[in-house]
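First up is the structure itself, then whatever we jot down about it.
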Amino acid sequence: MADDLSNRGPQDRSRINVSEVHELRYWTQTLGVSESQLRAAVAAAGTSVQAVRQYLGK
């Protein structure tokens with residue numbers, strides 16, 4: 001089934017999927033970081049929101 005593009009937030013709010021444009025937009029705004037900072041944090045800490053927040057010091 002295709003993603004519902006009317007849903008602006010992530011489907012699984014415990015994971016960050018940097019492959020989806022709407023999730024990138026949501027998480028960069030929610031965490032107050034740039035796209036490159038978010039991608040670097042996910043690469044270093046994994047896709048868990050908790051781990052990324054911890055990595056970013058948020």
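How things are named: the first chain in the structure tokens is A, the next is B, and so on; residues count from 1 in each chain; ligands count from 1 in the order shown.
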*Mind checking which residues fall within 7 Å of range 13-21 of chain A, counting only C-alpha atoms, ignoring those fewer than 3 positions away in the same chain, and posting them as a list in words?*
Pro10, Leu24, Arg25, Arg39, Thr47, Ser48 and Val49 of chain A
_Coordinates-based distance that separates CA of Tyr26 in chain A from CA of Val52 in chain A (Å, one decimal)_ =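 Between these atoms lies a distance of 14.1 Å.
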_As an exercise, work out the distance from CA of Arg53 in chain A to CA of Leu31 in chain A in Å and give it to one decimal place._
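Those two atoms sit 7.7 Å apart.
Interatomic distance, CA of Ala41 in chain A to CA of Gln54 in chain A: 9.5 Å.
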